[in-house]
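Okay, so here's the structure we're looking at.
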Amino acid sequence: MTAAALDVPIDIDVIRETIHTDGIIGCPGAFSRAWVEQLREDVEAAFAEAQSREGGAVGRGPNRYYVEIHPEALRGFVDLVDHPWVRATCETVLGPDYQIVEVGFDIPFAGAKNQPWHRDFPAPRETLEEGRLTSLAFNVTCVDTEEDMGPFEIAPGTHWDEGEEFDHGMFPPKNEYSRFEERAVRKYPRMGDISARSALTVHRGTRNESATSRPVLVLGVDAPGAGNDEKHDLAVTRAYWEGLPQRVRDHLDCPIVEELTPITQKHTIEGLVMGEA
């Protein structure tokens with residue numbers, strides 16, 4: 001474990017039960033604040049680069065953007081994916097052969113509006129028929145989240161909703177919003193905290209009424225065969241690959257290239273572009 005990754009309690013039974021029941025779990029104080037400050041520098045540099053070209057950043061609502069990046073854009077990538085709590089959570093929920101499929105970040109700027117309630121993609125057969133989760137999204141805040149900064153809001157337990165009436169399997173009808181609002185929990189993570197959630201748990205970003213952006217790193221991880229890698233374009237250079245620990249290589253099944261190509265975002269979620277009506 002590097003100096004950036006702090007020692008935190010790990011209880012696999014708590015991880016398994018909490019994600020199964022709530023669809024989300026947090027780990028306070030997983031990283032040093034200095035590590036997060038470096039992370040924010042890298043995120044802001046990646047956002048500036050993405051904004052400079054067509055297709056580099058995708059809208060997820062007014063004044064809200066998502067950018068997918070390659071692992072090499074983050075100086076702390078290995079610290080993140082090799083953190084003992086991250087590894088334990090992946091192995092507990094997804095099995096020992098989990099695969100890292102996505103690295104990116106979401107930034108709601110000042111003026112970002114409430115998103116509609118949604119899940120990130122339709123529930124797969126394994127979840128609907130077998131009661132098995134096949135993906136996780138880890139989030140790392142780059143700031144101390146305050147009430148007026150548009151905190152993340154989630155409806156615990158909704159990862160088991162079949163979603164047959166959801167538009168595109170992702171957006172519940174507005175006449176069901178009260179059910180999610182009754183369950184809704186807002187999250188106020190601090191720098192150094194990390195969370196893991198099922199992308200099926202119904203959630204939304206809320207209105208950012210502050211003058212401050214709230215960048216959040218996203219790490220997407222799949223169980224074998226989940227197929228979410230098809231929505232993403234991770235790649236690493238050969239030199240970077242050769243410098244990775246074998247324990248990280250084992251979970252990074254992506255092209256190894258001589259030169260990286262900037263990512264054009266493929267995972268556009270059309271229902272989020274306009275924000276909540």
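In the structure tokens, each chain is lettered A, B, ... as it comes, each chain's residues begin at 1, and ligands are numbered from 1 in order of appearance.
When the distance limit is 8 Å and only C-alpha atoms are what count, the residues near A:Tyr65, minus those fewer than 3 positions from it on the same chain, are Ala57, Val58, Gly59, Arg60, Gly61, Asp106, Ile107 and Pro108 of chain A.
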Writing out the chosen residues with all heavy atoms as a PDB file, in the first residue's frame:
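Just written: result38.pdb:
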ATOM      1  N   ALA A  57     -15.772  15.919 -24.298  1.00  0.00           N
ATOM      2  CA  ALA A  57     -16.612  15.964 -23.100  1.00  0.00           C
ATOM      3  C   ALA A  57     -18.060  15.855 -23.531  1.00  0.00           C
ATOM      4  O   ALA A  57     -18.453  16.404 -24.567  1.00  0.00           O
ATOM      5  CB  ALA A  57     -16.379  17.267 -22.334  1.00  0.00           C
ATOM      6  N   VAL A  58     -18.854  15.157 -22.767  1.00  0.00           N
ATOM      7  CA  VAL A  58     -20.256  14.958 -23.109  1.00  0.00           C
ATOM      8  C   VAL A  58     -21.116  15.573 -22.018  1.00  0.00           C
ATOM      9  O   VAL A  58     -20.795  15.487 -20.831  1.00  0.00           O
ATOM     10  CB  VAL A  58     -20.579  13.459 -23.294  1.00  0.00           C
ATOM     11  CG1 VAL A  58     -20.364  12.690 -22.005  1.00  0.00           C
ATOM     12  CG2 VAL A  58     -21.986  13.253 -23.797  1.00  0.00           C
ATOM     13  N   GLY A  59     -22.208  16.231 -22.427  1.00  0.00           N
ATOM     14  CA  GLY A  59     -23.102  16.842 -21.464  1.00  0.00           C
ATOM     15  C   GLY A  59     -23.933  15.809 -20.732  1.00  0.00           C
ATOM     16  O   GLY A  59     -24.456  14.873 -21.343  1.00  0.00           O
ATOM     17  N   ARG A  60     -24.056  15.982 -19.422  1.00  0.00           N
ATOM     18  CA  ARG A  60     -24.933  15.140 -18.611  1.00  0.00           C
ATOM     19  C   ARG A  60     -25.997  16.010 -17.926  1.00  0.00           C
ATOM     20  O   ARG A  60     -26.478  15.683 -16.856  1.00  0.00           O
ATOM     21  CB  ARG A  60     -24.117  14.369 -17.576  1.00  0.00           C
ATOM     22  CG  ARG A  60     -23.217  13.279 -18.207  1.00  0.00           C
ATOM     23  CD  ARG A  60     -24.039  12.051 -18.599  1.00  0.00           C
ATOM     24  NE  ARG A  60     -23.322  11.107 -19.410  1.00  0.00           N
ATOM     25  CZ  ARG A  60     -22.547  10.124 -18.943  1.00  0.00           C
ATOM     26  NH1 ARG A  60     -22.348  10.001 -17.660  1.00  0.00           N
ATOM     27  NH2 ARG A  60     -21.972   9.283 -19.761  1.00  0.00           N
ATOM     28  N   GLY A  61     -26.327  17.122 -18.592  1.00  0.00           N
ATOM     29  CA  GLY A  61     -27.266  18.095 -18.069  1.00  0.00           C
ATOM     30  C   GLY A  61     -26.648  19.474 -18.193  1.00  0.00           C
ATOM     31  O   GLY A  61     -25.454  19.613 -18.481  1.00  0.00           O
ATOM     32  N   ASP A 106     -16.958  13.184 -13.587  1.00  0.00           N
ATOM     33  CA  ASP A 106     -18.179  13.971 -13.760  1.00  0.00           C
ATOM     34  C   ASP A 106     -17.961  15.303 -13.055  1.00  0.00           C
ATOM     35  O   ASP A 106     -17.454  15.320 -11.924  1.00  0.00           O
ATOM     36  CB  ASP A 106     -19.355  13.208 -13.147  1.00  0.00           C
ATOM     37  CG  ASP A 106     -20.664  13.958 -13.256  1.00  0.00           C
ATOM     38  OD1 ASP A 106     -21.354  13.770 -14.269  1.00  0.00           O
ATOM     39  OD2 ASP A 106     -20.998  14.732 -12.334  1.00  0.00           O
ATOM     40  N   ILE A 107     -18.324  16.418 -13.724  1.00  0.00           N
ATOM     41  CA  ILE A 107     -18.179  17.731 -13.090  1.00  0.00           C
ATOM     42  C   ILE A 107     -19.475  18.518 -13.220  1.00  0.00           C
ATOM     43  O   ILE A 107     -19.832  18.962 -14.315  1.00  0.00           O
ATOM     44  CB  ILE A 107     -17.037  18.566 -13.703  1.00  0.00           C
ATOM     45  CG1 ILE A 107     -15.717  17.797 -13.736  1.00  0.00           C
ATOM     46  CG2 ILE A 107     -16.871  19.859 -12.895  1.00  0.00           C
ATOM     47  CD1 ILE A 107     -14.557  18.609 -14.279  1.00  0.00           C
ATOM     48  N   PRO A 108     -20.203  18.715 -12.123  1.00  0.00           N
ATOM     49  CA  PRO A 108     -21.292  19.682 -12.131  1.00  0.00           C
ATOM     50  C   PRO A 108     -20.745  21.064 -11.752  1.00  0.00           C
ATOM     51  O   PRO A 108     -20.195  21.246 -10.666  1.00  0.00           O
ATOM     52  CB  PRO A 108     -22.257  19.146 -11.068  1.00  0.00           C
ATOM     53  CG  PRO A 108     -21.416  18.320 -10.162  1.00  0.00           C
ATOM     54  CD  PRO A 108     -20.167  17.919 -10.902  1.00  0.00           C
TER      55      PRO A 108
END
Check which residues of stretch 91-121 of chain A sit at most 6 Å from stretch 214-233 of chain A using only C-alpha atoms, and return one row each with the closest pair of atoms and their distance in Å to one decimal, ordered by chain and rising number, as a Markdown table.
| residue | atom | partner | partner_atom | distance |
| --- | --- | --- | --- | --- |
| A:Leu94 | CA | A:Ala223 | CA | 4.8 |
| A:Tyr98 | CA | A:Ala223 | CA | 4.7 |
| A:Gln99 | CA | A:Asp222 | CA | 5.2 |
| A:Ile100 | CA | A:Val221 | CA | 4.4 |
| A:Val101 | CA | A:Asp229 | CA | 5.1 |
| A:Glu102 | CA | A:Gly220 | CA | 4.5 |
| A:Val103 | CA | A:Leu219 | CA | 4.8 |
| A:Gly104 | CA | A:Val218 | CA | 5.1 |
| A:Phe105 | CA | A:Leu217 | CA | 4.2 |
| A:Asp106 | CA | A:Val216 | CA | 5.3 |
| A:Ile107 | CA | A:Pro215 | CA | 4.3 |
| A:Pro108 | CA | A:Arg214 | CA | 5.6 |
_Who sits within 8 Å of A:Trp160, only C-alpha atoms, same chain under 4 positions skipped, as a count of residues only_ = 5
*Do a neighbour search on A:Ala30 at 9 Å with only C-alpha atoms, toss out local chain neighbours closer than 2 positions, and write the hits as a list of chain:residue names.*
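In the requested form, the answer reads A:Ala4, A:Ala5, A:Leu6, A:Asp7, A:Val8, A:Cys27, A:Pro28, A:Ser32, A:His83, A:Trp85, A:Gly192, A:Asp193, A:Ile194.
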Expected file: the selected residues, N, CA and C atoms, as a CSV table (one decimal), in the first residue's frame:
chain,number,residue,atom,x,y,z
A,4,ALA,N,0.0,7.2,-0.1
A,4,ALA,CA,-1.3,7.9,-0.4
A,4,ALA,C,-2.5,7.2,0.0
A,5,ALA,N,-2.4,5.9,0.0
A,5,ALA,CA,-3.6,5.1,0.5
A,5,ALA,C,-3.5,4.8,2.0
A,6,LEU,N,-4.5,5.3,2.7
A,6,LEU,CA,-4.5,5.2,4.1
A,6,LEU,C,-5.1,3.8,4.6
A,7,ASP,N,-4.7,3.4,5.7
A,7,ASP,CA,-5.2,2.2,6.3
A,7,ASP,C,-6.6,2.3,6.8
A,8,VAL,N,-7.6,1.5,6.3
A,8,VAL,CA,-9.0,1.6,6.7
A,8,VAL,C,-9.5,0.2,7.0
A,27,CYS,N,-16.4,4.5,2.1
A,27,CYS,CA,-15.2,4.2,2.8
A,27,CYS,C,-14.5,5.5,3.1
A,28,PRO,N,-14.8,6.1,4.3
A,28,PRO,CA,-14.2,7.4,4.6
A,28,PRO,C,-12.7,7.3,4.8
A,32,SER,N,-5.1,10.2,1.3
A,32,SER,CA,-4.7,11.4,1.9
A,32,SER,C,-5.2,12.6,1.1
A,83,HIS,N,-5.9,0.0,-4.1
A,83,HIS,CA,-6.2,0.2,-2.7
A,83,HIS,C,-6.8,-1.0,-2.2
A,85,TRP,N,-9.1,-1.6,0.0
A,85,TRP,CA,-10.6,-1.6,0.1
A,85,TRP,C,-11.2,-1.7,-1.3
A,192,GLY,N,-10.7,12.4,0.2
A,192,GLY,CA,-10.0,11.2,0.7
A,192,GLY,C,-11.0,10.1,0.9
A,193,ASP,N,-12.3,10.4,0.8
A,193,ASP,CA,-13.4,9.4,0.9
A,193,ASP,C,-13.5,8.7,-0.5
A,194,ILE,N,-14.0,7.5,-0.5
A,194,ILE,CA,-14.4,6.8,-1.7
A,194,ILE,C,-15.6,6.0,-1.5
*Which residues, written as a PyMOL selection string, have at least one atom at most 7 Å from stretch 116-126 of chain A, with only C-alpha atoms counted and residues fewer than 3 positions away on the same chain left out?*
chain A and resi 129-132+162+169-172+199-204+272+275-276
Would you put the residues from that selection into a file with C-alpha atoms, as a PDB file, in the first residue's frame?
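Once written, result-v8.pdb looks like this:
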ATOM      1  CA  GLU A 129     -32.972 -13.546 -13.006  1.00  0.00           C
ATOM      2  CA  GLU A 130     -30.096 -14.533 -10.719  1.00  0.00           C
ATOM      3  CA  GLY A 131     -29.991 -11.659  -8.220  1.00  0.00           C
ATOM      4  CA  ARG A 132     -26.341 -11.050  -9.067  1.00  0.00           C
ATOM      5  CA  GLU A 162     -36.846  -4.572 -12.510  1.00  0.00           C
ATOM      6  CA  GLY A 169     -34.648   0.665 -18.965  1.00  0.00           C
ATOM      7  CA  MET A 170     -32.992   3.635 -17.208  1.00  0.00           C
ATOM      8  CA  PHE A 171     -35.432   6.487 -16.497  1.00  0.00           C
ATOM      9  CA  PRO A 172     -38.382   5.863 -14.190  1.00  0.00           C
ATOM     10  CA  ALA A 199     -24.832   1.627 -11.322  1.00  0.00           C
ATOM     11  CA  LEU A 200     -28.391   0.236 -11.219  1.00  0.00           C
ATOM     12  CA  THR A 201     -29.226   2.012  -7.962  1.00  0.00           C
ATOM     13  CA  VAL A 202     -31.489   4.900  -8.986  1.00  0.00           C
ATOM     14  CA  HIS A 203     -29.740   8.210  -8.395  1.00  0.00           C
ATOM     15  CA  ARG A 204     -29.275  11.773  -9.618  1.00  0.00           C
ATOM     16  CA  LEU A 272     -29.649  13.561 -19.015  1.00  0.00           C
ATOM     17  CA  GLY A 275     -31.701  18.052 -17.000  1.00  0.00           C
ATOM     18  CA  GLU A 276     -34.921  17.591 -15.074  1.00  0.00           C
TER      19      GLU A 276
END
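With only C-alpha atoms as the basis for measurement, A:Asp144 is the residue among A:Asp144, A:Asp167, A:Asp161, A:Glu209 that approaches A:Arg33 most closely.
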_Contacts of A:Ala45 at 12 Å (only C-alpha atoms; same-chain gap of 2+ positions) as a count of residues only_ = 18
*Kindly give the distance, in Å, that separates atom CA of A:Asp82 and atom CA of A:Val248, rounded to a single decimal.*
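Computing it gives 6.7 Å between the two atoms.
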*Pick out each residue of stretch 48-272 of chain A that DSSP on the backbone tags as strand (DSSP E or B); I need them as a PyMOL selection string.*
chain A and resi 58-59+64-68+99-108+118+135-141+149+152-154+167+171+185-186+194-197+203-205+208+216-222+236-237+256-257
*From the list A:Pro62, A:Pro189, A:Gly23, A:Gly205, which residue is nearest A:Val93 when using only C-alpha atoms?*
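Answer, going by the shortest atom-to-atom distance: A:Gly23.
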*Within 10 Å of A:Tyr240, counting only C-alpha atoms, which residues show up once you throw out same-chain ones fewer than 5 positions away? Write them as a PyMOL selection string, please.*
chain A and resi 71-72+256-258
*Among stretch 37-252 of chain A, which residues carry a DSSP assignment of helix (DSSP H, G or I), reported as a PyMOL selection string?*
chain A and resi 37-51+71-73+77-81+84-94+125-130+158-160+174-183+228-231+238-243+246-249
_If I take atom CA of A:Pro173 and atom CA of A:Thr21, how far is one from the other in Å, to one decimal?_
23.3 Å
_Distance criterion (only C-alpha atoms): nearest to A:Asp97 out of A:Ser210, A:Arg249, A:Phe166, A:Leu244_ =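 Among the listed residues, A:Arg249 lies closest to A:Asp97.
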_Gap from atom CA of A:Tyr188 to atom CA of A:Val14 - Å, one decimal_ =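 It comes out at 20.8 Å.
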*Rank A:Glu44, A:Glu164, A:Glu54, A:Glu147 by their smallest atom-to-atom distance to A:Thr206, using only C-alpha atoms, and report the top residue only.*
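Among A:Glu44, A:Glu164, A:Glu54, A:Glu147, it is A:Glu147 that comes nearest to A:Thr206.
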*Restricting the calculation to only C-alpha atoms, which member of A:Gly150, A:Gly243, A:Gly111, A:Gly157 is positioned closest to A:His20?*
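For A:His20, the nearest of the given residues is A:Gly157.
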*Nearest to A:Thr89, chosen from A:Glu17, A:Glu153, A:Asp148, A:Asp253, with only C-alpha atoms counted in the distances*: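 Distance minimum relative to A:Thr89 lands on A:Glu17.
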